[in-house]
>>> print(open('final05.cif').read())   # mmCIF, C-alpha atoms
data_target
#
loop_
_atom_site.label_atom_id
_atom_site.label_comp_id
_atom_site.auth_asym_id
_atom_site.auth_seq_id
_atom_site.Cartn_x
_atom_site.Cartn_y
_atom_site.Cartn_z
CA MET A 1 0.00 0.00 0.00
CA GLU A 2 2.83 2.40 0.86
CA ASN A 3 4.50 1.92 -2.54
CA VAL A 4 1.19 2.52 -4.32
CA LEU A 5 0.71 5.78 -2.43
CA LYS A 6 4.27 6.90 -3.17
CA SER A 7 3.85 6.27 -6.88
CA ASN A 8 0.83 8.56 -6.99
CA THR A 9 1.82 11.15 -4.42
CA PRO A 10 1.10 14.83 -5.14
CA SER A 11 4.65 15.84 -4.09
CA TRP A 12 7.98 14.08 -3.75
CA LEU A 13 11.72 14.57 -3.28
CA GLU A 14 13.90 12.80 -5.83
CA ILE A 15 17.44 12.03 -4.68
CA ASP A 16 20.13 10.92 -7.11
CA LEU A 17 22.66 8.87 -5.14
CA THR A 18 25.07 8.83 -8.09
CA ARG A 19 25.37 12.61 -7.79
CA ILE A 20 26.17 12.32 -4.10
CA SER A 21 28.86 9.83 -5.02
CA HIS A 22 30.24 12.33 -7.53
CA ASN A 23 30.18 15.11 -4.94
CA ILE A 24 32.13 13.00 -2.46
CA LYS A 25 34.86 12.48 -5.06
CA GLU A 26 34.97 16.22 -5.80
CA VAL A 27 35.22 17.09 -2.10
CA GLN A 28 38.09 14.63 -1.74
CA LYS A 29 39.99 16.61 -4.37
CA LEU A 30 39.72 19.74 -2.22
CA ILE A 31 41.16 18.38 1.00
CA PRO A 32 44.76 17.44 1.86
CA SER A 33 45.67 13.88 0.86
CA THR A 34 46.36 13.10 4.51
CA SER A 35 42.81 14.02 5.59
CA LYS A 36 39.58 12.03 5.41
CA ILE A 37 35.96 13.12 5.24
CA MET A 38 33.60 12.85 8.17
CA ALA A 39 30.05 12.89 6.78
CA ILE A 40 27.39 14.54 8.93
CA VAL A 41 24.02 12.83 8.45
CA LYS A 42 22.06 14.30 11.34
CA ALA A 43 18.40 15.31 10.96
CA ASN A 44 17.79 12.35 8.63
CA GLY A 45 20.74 13.37 6.49
CA TYR A 46 19.40 16.94 6.21
CA GLY A 47 16.20 15.46 4.82
CA HIS A 48 17.97 13.28 2.23
CA GLY A 49 17.71 10.01 4.15
CA ASP A 50 20.39 9.20 6.71
CA VAL A 51 20.38 5.44 6.14
CA GLU A 52 20.29 5.52 2.34
CA CYS A 53 22.99 8.19 2.04
CA SER A 54 25.21 6.63 4.71
CA ARG A 55 25.08 3.24 3.01
CA MET A 56 26.12 4.77 -0.29
CA MET A 57 28.90 6.86 1.27
CA GLU A 58 30.22 3.91 3.25
CA GLN A 59 30.52 2.05 -0.05
CA GLN A 60 32.48 5.05 -1.37
CA GLY A 61 35.02 4.73 1.42
CA ILE A 62 33.63 7.23 3.96
CA ASP A 63 34.52 5.68 7.30
CA PHE A 64 33.21 8.19 9.85
CA PHE A 65 29.74 9.65 10.40
CA GLY A 66 28.31 12.29 12.70
CA VAL A 67 24.79 12.52 14.13
CA SER A 68 23.07 14.89 16.50
CA SER A 69 21.68 12.47 19.05
CA VAL A 70 22.01 8.94 20.34
CA ASP A 71 18.74 7.83 18.71
CA GLU A 72 20.07 8.87 15.29
CA GLY A 73 23.19 6.81 15.92
CA VAL A 74 21.21 3.77 17.03
CA ARG A 75 19.07 4.05 13.88
CA LEU A 76 22.18 3.87 11.67
CA ARG A 77 23.48 0.85 13.58
CA GLU A 78 20.12 -0.92 13.29
CA ASN A 79 20.29 -0.39 9.53
CA GLY A 80 23.72 -1.89 9.10
CA ILE A 81 26.13 1.08 9.23
CA GLN A 82 29.40 -0.30 10.62
CA SER A 83 31.71 2.75 10.56
CA PRO A 84 32.40 4.87 13.66
CA ILE A 85 29.55 7.24 14.56
CA LEU A 86 30.05 10.36 16.66
CA VAL A 87 27.14 11.80 18.65
CA LEU A 88 27.72 15.52 18.32
CA GLY A 89 25.22 16.60 20.95
CA TYR A 90 24.30 15.93 24.55
CA THR A 91 23.20 12.44 25.57
CA PRO A 92 21.20 12.37 28.84
CA PRO A 93 22.56 9.99 31.49
CA VAL A 94 19.46 7.79 31.23
CA HIS A 95 20.59 6.96 27.68
CA PHE A 96 24.28 6.38 28.43
CA HIS A 97 23.78 2.62 27.98
CA TYR A 98 23.04 3.09 24.27
CA LEU A 99 26.53 4.48 23.75
CA ASN A 100 28.10 1.20 24.76
CA GLU A 101 25.41 -1.07 23.29
CA ALA A 102 25.56 0.56 19.85
CA SER A 103 29.30 1.33 19.97
CA LEU A 104 28.75 5.07 19.56
CA ILE A 105 31.26 7.83 20.27
CA GLN A 106 30.04 10.53 22.65
CA THR A 107 31.09 14.17 22.47
CA LEU A 108 32.35 15.41 25.82
CA VAL A 109 30.46 18.68 26.14
CA SER A 110 32.22 19.72 29.37
CA LYS A 111 34.68 18.45 31.94
CA GLU A 112 31.85 17.76 34.40
CA TYR A 113 29.90 15.83 31.77
CA ALA A 114 32.98 13.71 31.00
CA GLU A 115 33.40 12.86 34.67
CA LYS A 116 29.73 11.86 34.91
CA LEU A 117 30.03 9.60 31.85
CA ASN A 118 33.24 8.09 33.22
CA ALA A 119 31.54 7.35 36.56
CA TYR A 120 28.70 5.57 34.75
CA ALA A 121 31.16 3.52 32.67
CA LYS A 122 33.13 2.58 35.80
CA GLU A 123 29.97 1.44 37.56
CA GLN A 124 29.05 -0.72 34.55
CA ASN A 125 32.63 -1.94 34.12
CA VAL A 126 32.75 -0.82 30.50
CA VAL A 127 34.80 1.64 28.46
CA VAL A 128 32.80 4.23 26.51
CA LYS A 129 34.22 5.83 23.37
CA ALA A 130 34.41 9.61 23.38
CA HIS A 131 35.81 12.68 21.64
CA ALA A 132 36.70 15.90 23.43
CA LYS A 133 35.15 19.13 22.13
CA VAL A 134 37.28 22.28 22.34
CA ASN A 135 35.32 25.51 22.08
CA THR A 136 37.58 27.85 20.12
CA GLY A 137 34.87 30.35 19.29
CA MET A 138 31.54 28.73 18.44
CA SER A 139 30.53 29.22 22.10
CA ARG A 140 27.97 26.44 22.35
CA ILE A 141 29.50 23.39 23.99
CA GLY A 142 33.02 22.28 24.84
CA ILE A 143 35.82 23.70 26.96
CA SER A 144 35.80 27.46 26.43
CA HIS A 145 38.69 29.18 24.66
CA ARG A 146 38.30 31.94 27.27
CA ILE A 147 40.04 29.67 29.79
CA MET A 148 42.86 28.90 27.39
CA HIS A 149 45.44 28.91 30.18
CA ILE A 150 43.92 25.70 31.60
CA ILE A 151 42.26 24.19 28.51
CA SER A 152 45.23 21.95 27.72
CA ARG A 153 45.34 20.68 31.30
CA ILE A 154 41.63 19.87 31.15
CA SER A 155 42.05 18.16 27.77
CA LYS A 156 44.82 16.00 29.22
CA ALA A 157 42.58 15.10 32.15
CA LEU A 158 39.76 14.06 29.79
CA VAL A 159 42.05 11.89 27.68
CA ARG A 160 43.28 10.12 30.83
CA LEU A 161 39.86 9.15 32.25
CA LYS A 162 40.23 5.37 32.59
CA HIS A 163 36.72 4.34 31.59
CA LEU A 164 36.54 6.66 28.59
CA ASN A 165 38.43 5.94 25.41
CA VAL A 166 38.98 9.54 24.32
CA SER A 167 40.27 8.84 20.83
CA GLY A 168 39.57 12.22 19.23
CA ILE A 169 39.54 15.96 19.79
CA PHE A 170 37.75 18.52 17.66
CA SER A 171 36.47 22.04 17.32
CA HIS A 172 33.98 23.87 15.14
CA PHE A 173 34.45 26.95 12.96
CA SER A 174 31.77 29.58 13.46
CA VAL A 175 32.29 31.93 10.49
CA SER A 176 34.39 29.97 7.99
CA ASP A 177 31.76 30.52 5.30
CA CYS A 178 32.51 34.25 5.32
CA LEU A 179 35.36 35.57 3.17
CA ASP A 180 35.73 39.09 4.52
CA GLU A 181 38.98 39.98 6.23
CA GLU A 182 37.58 40.19 9.75
CA ASN A 183 35.91 36.76 9.65
CA CYS A 184 38.90 35.12 7.98
CA ALA A 185 41.09 36.49 10.77
CA PHE A 186 38.73 35.04 13.39
CA THR A 187 38.72 31.61 11.74
CA ASN A 188 42.52 31.60 11.56
CA HIS A 189 42.50 32.53 15.24
CA GLN A 190 40.33 29.47 15.95
CA ILE A 191 42.79 27.30 14.04
CA ALA A 192 45.68 28.72 16.07
CA LEU A 193 43.89 28.01 19.37
CA PHE A 194 43.12 24.45 18.30
CA GLU A 195 46.68 23.79 17.17
CA ARG A 196 47.95 25.14 20.48
CA VAL A 197 45.92 22.54 22.36
CA LEU A 198 47.27 19.79 20.09
CA ALA A 199 50.84 21.01 20.60
CA ASP A 200 50.40 20.84 24.37
CA LEU A 201 49.10 17.28 24.18
CA ARG A 202 51.92 15.87 22.03
CA PRO A 203 54.71 16.05 24.66
CA GLU A 204 52.50 13.94 26.92
CA GLY A 205 52.31 11.25 24.24
CA LEU A 206 48.62 12.02 23.71
CA THR A 207 47.76 12.02 20.00
CA PRO A 208 44.01 11.63 19.57
CA VAL A 209 42.36 11.89 16.16
CA GLN A 210 42.33 15.58 15.24
CA ARG A 211 39.30 17.03 13.54
CA ILE A 212 37.82 20.44 12.95
CA CYS A 213 34.53 21.33 11.33
CA ARG A 214 34.74 23.25 8.07
CA GLN A 215 31.51 24.03 6.32
CA LEU A 216 33.59 24.44 3.15
CA TRP A 217 37.20 25.06 2.27
CA ASN A 218 38.18 28.67 2.32
CA PHE A 219 41.43 29.09 0.45
CA LYS A 220 42.23 32.33 2.30
CA LEU A 221 42.68 30.31 5.48
CA SER A 222 45.67 28.41 6.73
CA GLU A 223 45.44 24.66 6.21
CA PRO A 224 45.92 22.66 9.41
CA ALA A 225 47.02 19.06 8.90
CA LEU A 226 44.08 17.20 10.43
CA ASP A 227 42.92 13.60 10.27
CA TYR A 228 39.31 14.42 9.41
CA VAL A 229 37.39 17.39 8.07
CA ARG A 230 33.67 18.01 7.83
CA PRO A 231 32.52 19.34 4.47
CA GLY A 232 29.13 20.52 5.69
CA LEU A 233 26.52 20.26 2.92
CA LEU A 234 28.98 19.87 0.07
CA TRP A 235 28.33 16.13 -0.16
CA MET A 236 24.82 17.18 -1.21
CA GLY A 237 26.17 19.69 -3.71
CA VAL A 238 24.97 22.53 -1.49
CA PRO A 239 27.68 24.87 -0.16
CA ALA A 240 27.28 27.80 2.17
CA MET A 241 25.26 30.46 0.37
CA MET A 242 28.05 32.95 -0.23
CA HIS A 243 30.05 30.36 -2.12
CA TRP A 244 27.42 28.92 -4.45
CA GLN A 245 29.26 30.14 -7.55
CA PHE A 246 32.50 28.67 -6.20
CA ALA A 247 31.13 25.17 -5.86
CA ARG A 248 28.49 24.78 -8.55
CA HIS A 249 31.08 24.01 -11.23
CA ARG A 250 32.39 21.04 -9.25
CA SER A 251 29.35 19.57 -7.55
CA PHE A 252 25.81 18.61 -8.45
CA SER A 253 22.70 18.94 -6.32
CA PRO A 254 21.26 15.44 -5.99
CA HIS A 255 17.78 16.56 -5.01
CA GLY A 256 14.70 17.72 -6.83
CA MET A 257 11.44 18.62 -5.07
CA GLU A 258 8.40 18.41 -7.29
CA GLY A 259 4.62 18.56 -7.11
CA LYS A 260 1.59 18.06 -9.34
CA CYS A 261 -0.85 20.62 -10.70
CA PHE A 262 -4.57 20.80 -10.10
CA PRO A 263 -6.79 22.06 -12.94
CA GLY A 264 -6.01 25.70 -13.80
CA LYS A 265 -8.35 28.50 -12.77
CA GLY A 266 -9.09 31.82 -14.47
CA TYR A 267 -9.17 34.89 -12.27
CA SER A 268 -10.49 38.18 -13.57
CA ALA A 269 -8.82 41.43 -12.66
CA ARG A 270 -8.80 42.25 -8.94
CA CYS A 271 -10.30 38.90 -7.91
CA TYR A 272 -8.90 37.36 -4.73
CA GLY A 273 -7.52 33.85 -4.70
CA GLN A 274 -7.61 33.31 -0.93
CA LEU A 275 -9.63 34.01 2.19
CA ARG A 276 -7.29 36.84 3.15
CA PRO A 277 -6.36 39.04 0.18
CA SER A 278 -2.57 38.93 0.03
CA PHE A 279 -2.61 39.13 -3.77
CA GLN A 280 -4.80 41.12 -6.15
CA ALA A 281 -4.69 40.39 -9.87
CA GLU A 282 -4.58 43.68 -11.77
CA VAL A 283 -5.21 41.97 -15.13
CA CYS A 284 -6.96 38.77 -16.15
CA THR A 285 -4.70 36.07 -14.75
CA ARG A 286 -4.64 32.32 -15.29
CA VAL A 287 -3.78 30.43 -12.11
CA ALA A 288 -2.81 26.84 -11.41
CA THR A 289 -2.87 25.28 -7.95
CA LEU A 290 -0.04 23.00 -6.87
CA ALA A 291 -0.60 20.21 -4.35
CA VAL A 292 2.27 21.24 -2.10
CA GLY A 293 2.52 23.75 0.73
CA TYR A 294 4.31 24.71 3.90
CA ALA A 295 3.38 21.43 5.61
CA ASP A 296 5.55 19.76 2.97
CA GLY A 297 8.42 22.07 3.85
CA PHE A 298 8.12 24.86 1.30
CA PRO A 299 8.50 28.01 3.41
CA ARG A 300 5.44 30.23 3.78
CA SER A 301 7.80 33.15 4.36
CA VAL A 302 8.54 33.37 0.61
CA SER A 303 4.91 34.22 -0.16
CA ASN A 304 4.72 37.32 -2.38
CA GLN A 305 8.53 37.58 -2.34
CA GLY A 306 9.14 36.74 -6.00
CA ALA A 307 9.53 32.98 -5.54
CA CYS A 308 8.95 30.80 -8.59
CA VAL A 309 8.47 27.19 -9.60
CA LEU A 310 9.43 25.57 -12.89
CA LEU A 311 6.64 24.38 -15.17
CA HIS A 312 7.15 23.18 -18.74
CA GLY A 313 10.74 24.41 -18.57
CA ARG A 314 9.79 27.95 -17.59
CA ARG A 315 9.77 29.97 -14.40
CA VAL A 316 6.27 30.80 -13.22
CA PRO A 317 5.72 33.03 -10.18
CA ILE A 318 4.07 31.92 -6.97
CA ILE A 319 1.20 34.29 -6.16
CA GLY A 320 -0.67 34.86 -2.92
CA ASN A 321 0.15 33.14 0.34
CA ILE A 322 1.59 29.66 0.36
CA CYS A 323 -0.99 27.52 2.13
CA MET A 324 -0.55 24.48 4.32
CA ASP A 325 -1.13 21.97 1.54
CA GLN A 326 -1.31 24.03 -1.66
CA MET A 327 0.07 27.05 -3.46
CA MET A 328 -1.00 29.08 -6.49
CA VAL A 329 1.16 30.00 -9.48
CA ASP A 330 0.56 32.42 -12.33
CA ILE A 331 0.54 30.48 -15.63
CA THR A 332 -0.70 33.33 -17.79
CA GLY A 333 0.79 32.91 -21.26
CA LEU A 334 1.89 29.34 -20.63
CA ASP A 335 -0.20 27.10 -22.85
CA GLY A 336 -0.84 23.41 -22.42
CA VAL A 337 -0.86 23.22 -18.63
CA SER A 338 -3.16 20.45 -17.46
CA GLU A 339 -4.02 18.43 -14.38
CA GLY A 340 -1.16 16.17 -13.26
CA ASP A 341 1.63 18.20 -14.87
CA VAL A 342 4.81 18.21 -12.80
CA ALA A 343 6.09 21.47 -11.32
CA THR A 344 9.65 21.63 -9.96
CA LEU A 345 10.13 23.53 -6.70
CA ILE A 346 13.83 22.72 -6.26
CA GLY A 347 15.92 21.38 -9.10
CA CYS A 348 16.05 21.55 -12.90
CA ASP A 349 13.54 21.59 -15.72
CA GLY A 350 15.21 21.93 -19.09
CA ASP A 351 17.73 24.76 -18.92
CA GLU A 352 16.09 26.40 -15.93
CA VAL A 353 17.36 25.81 -12.39
CA LEU A 354 15.85 26.60 -9.00
CA SER A 355 18.52 26.04 -6.35
CA VAL A 356 18.20 25.53 -2.62
CA ASP A 357 20.35 28.63 -2.33
CA GLU A 358 17.82 30.81 -4.17
CA LEU A 359 14.99 29.61 -1.95
CA SER A 360 17.06 30.15 1.19
CA ARG A 361 17.84 33.74 0.23
CA LEU A 362 14.16 34.52 -0.34
CA ALA A 363 13.32 32.95 3.03
CA HIS A 364 16.19 34.84 4.74
CA THR A 365 17.70 31.67 6.11
CA ILE A 366 20.52 29.20 5.45
CA ASN A 367 20.58 26.15 3.21
CA ASN A 368 20.82 23.79 6.18
CA GLU A 369 17.44 24.92 7.47
CA THR A 370 15.81 24.89 4.03
CA LEU A 371 16.74 21.25 3.51
CA CYS A 372 15.57 20.29 7.02
CA TRP A 373 12.17 21.88 6.34
CA ILE A 374 11.21 19.20 3.82
CA SER A 375 8.78 17.16 5.87
CA GLN A 376 8.44 13.42 6.30
CA ARG A 377 5.15 13.34 4.43
CA VAL A 378 7.10 14.06 1.23
CA PRO A 379 8.26 10.65 -0.07
CA ARG A 380 11.95 10.28 -0.88
CA ILE A 381 12.55 8.58 -4.21
CA TYR A 382 16.10 7.32 -4.80
CA LYS A 383 17.75 6.62 -8.09
#
>>> encode(input="final05.cif", output="structure tokens")
Amino acid sequence: MENVLKSNTPSWLEIDLTRISHNIKEVQKLIPSTSKIMAIVKANGYGHGDVECSRMMEQQGIDFFGVSSVDEGVRLRENGIQSPILVLGYTPPVHFHYLNEASLIQTLVSKEYAEKLNAYAKEQNVVVKAHAKVNTGMSRIGISHRIMHIISRISKALVRLKHLNVSGIFSHFSVSDCLDEENCAFTNHQIALFERVLADLRPEGLTPVQRICRQLWNFKLSEPALDYVRPGLLWMGVPAMMHWQFARHRSFSPHGMEGKCFPGKGYSARCYGQLRPSFQAEVCTRVATLAVGYADGFPRSVSNQGACVLLHGRRVPIIGNICMDQMMVDITGLDGVSEGDVATLIGCDGDEVLSVDELSRLAHTINNETLCWISQRVPRIYK
């Protein structure tokens, strides 16, 4: 029954796994030969399917994955992912047992948290895998760079906790997707702080895996020699917004969000198409209704902001407010539109392209959030 419904659904997200494979190879060309890729597949792989994408990337040689929470890690394990999995966020003590049972790596969000996890592991007579987080400027979790004079001592203490196998240490860039001089200087400062911690650990014979999060590679920055790097959304062909032109020649977006048309409607001048008049047609306008709305993940905030969809290889503007399950588009002058025609909301139709980046700009947000909006009621179709 589920397959029948998917084959006749009014909206869907098509994901080309071969393009993700291509993107992985292109990202590998950008990083030092001594570094590997850590693929972040949290939030259901940013809406692309964590299990499906992880399986494909594992086949491509990716041997490290990151998730947000312990339940995401357990889900990957239950679906056959064998590579190391790092839980990037906080795991409540009541769920500590999953870390050992599923062989997950826990981020140490603070010294106190590490000691609590170590006490649990000691009580259970197990050793839990962990990575230490150094806060060099993101200012969310980890040992703060503001106490740099003791950060190395704390890091050494974490690595030496007997019931924690602290095999890695990492940090997170906060503004590496910005190319202006001030932000580049701050990112290089973060690199310097991180390298200082590593330098202090080496004389003690402590050489955990070194990793730092980079949402993309900024060639104005210094290049630390690290074991792993995080390419952000680049494995999906979606870079940080400012660098779309930089990356589009190398990578391909693997996704296309599409929906079907209802029968077109003719609106005379100044007729309203909705209960609340957000749009008034000044001339006779032909309107088609699409069976997709904000409950599917298309942001209502782009209503009357110049957003378009692709229909018959042409851009057609969205008019009025985007509704929960539907939206209206102006098809005046576009002949041959009929019920069941496919409209592309993200992706390509002929020579026309609607990128995630374009939609994110109209919605005044980032690409990460735009991809996470796409709801679970939109079937994912893989090819």
>>> resolve_selection(input="final05.cif", expression="the PyMOL selection byres ((chain A and resi 354) around 12)", output="PDB file with C-alpha atoms, in the frame of the given file")
ATOM      1  CA  SER A 253      22.700  18.940  -6.320  1.00  0.00           C
ATOM      2  CA  HIS A 255      17.780  16.560  -5.010  1.00  0.00           C
ATOM      3  CA  GLY A 256      14.700  17.720  -6.830  1.00  0.00           C
ATOM      4  CA  MET A 257      11.440  18.620  -5.070  1.00  0.00           C
ATOM      5  CA  GLU A 258       8.400  18.410  -7.290  1.00  0.00           C
ATOM      6  CA  ALA A 307       9.530  32.980  -5.540  1.00  0.00           C
ATOM      7  CA  CYS A 308       8.950  30.800  -8.590  1.00  0.00           C
ATOM      8  CA  VAL A 309       8.470  27.190  -9.600  1.00  0.00           C
ATOM      9  CA  LEU A 310       9.430  25.570 -12.890  1.00  0.00           C
ATOM     10  CA  LEU A 311       6.640  24.380 -15.170  1.00  0.00           C
ATOM     11  CA  GLY A 313      10.740  24.410 -18.570  1.00  0.00           C
ATOM     12  CA  ARG A 314       9.790  27.950 -17.590  1.00  0.00           C
ATOM     13  CA  ARG A 315       9.770  29.970 -14.400  1.00  0.00           C
ATOM     14  CA  VAL A 316       6.270  30.800 -13.220  1.00  0.00           C
ATOM     15  CA  ALA A 343       6.090  21.470 -11.320  1.00  0.00           C
ATOM     16  CA  THR A 344       9.650  21.630  -9.960  1.00  0.00           C
ATOM     17  CA  LEU A 345      10.130  23.530  -6.700  1.00  0.00           C
ATOM     18  CA  ILE A 346      13.830  22.720  -6.260  1.00  0.00           C
ATOM     19  CA  GLY A 347      15.920  21.380  -9.100  1.00  0.00           C
ATOM     20  CA  CYS A 348      16.050  21.550 -12.900  1.00  0.00           C
ATOM     21  CA  ASP A 349      13.540  21.590 -15.720  1.00  0.00           C
ATOM     22  CA  GLY A 350      15.210  21.930 -19.090  1.00  0.00           C
ATOM     23  CA  ASP A 351      17.730  24.760 -18.920  1.00  0.00           C
ATOM     24  CA  GLU A 352      16.090  26.400 -15.930  1.00  0.00           C
ATOM     25  CA  VAL A 353      17.360  25.810 -12.390  1.00  0.00           C
ATOM     26  CA  SER A 355      18.520  26.040  -6.350  1.00  0.00           C
ATOM     27  CA  VAL A 356      18.200  25.530  -2.620  1.00  0.00           C
ATOM     28  CA  ASP A 357      20.350  28.630  -2.330  1.00  0.00           C
ATOM     29  CA  GLU A 358      17.820  30.810  -4.170  1.00  0.00           C
ATOM     30  CA  LEU A 359      14.990  29.610  -1.950  1.00  0.00           C
ATOM     31  CA  SER A 360      17.060  30.150   1.190  1.00  0.00           C
ATOM     32  CA  ARG A 361      17.840  33.740   0.230  1.00  0.00           C
ATOM     33  CA  LEU A 362      14.160  34.520  -0.340  1.00  0.00           C
TER      34      LEU A 362
END
>>> resolve_selection(input="final05.cif", expression="the PyMOL selection byres ((chain A and resi 122-133) around 7)", output="JSON, numbers by chain")
{"A": [99, 100, 104, 105, 106, 107, 108, 109, 118, 119, 120, 121, 134, 135, 142, 143, 163, 164, 165, 166, 167, 168, 169, 170, 171]}
>>> closest_residue(input="final05.cif", among="A:Val337, A:Ile322, A:Leu88, A:Ile331", to="Lys260 of chain A", atoms="all atoms listed in the file")
A:Val337
>>> closest_residue(input="final05.cif", among="A:Leu290, A:Leu226, A:Met38, A:Leu371", to="Phe194 of chain A", atoms="all atoms listed in the file")
A:Leu226
>>> closest_residue(input="final05.cif", among="A:Val329, A:Ile366, A:Ile318, A:Leu86", to="Glu72 of chain A", atoms="only C-alpha atoms")
A:Leu86
>>> residues_near_point(input="final05.cif", point="(1.9, 20.1, -9.0)", cutoff="9 Å", atoms="all atoms listed in the file", output="count of residues only")
20
>>> atom_distance(input="final05.cif", atom1="atom CA of Leu193 of chain A", atom2="atom CA of Ile24 of chain A")
29.0 Å
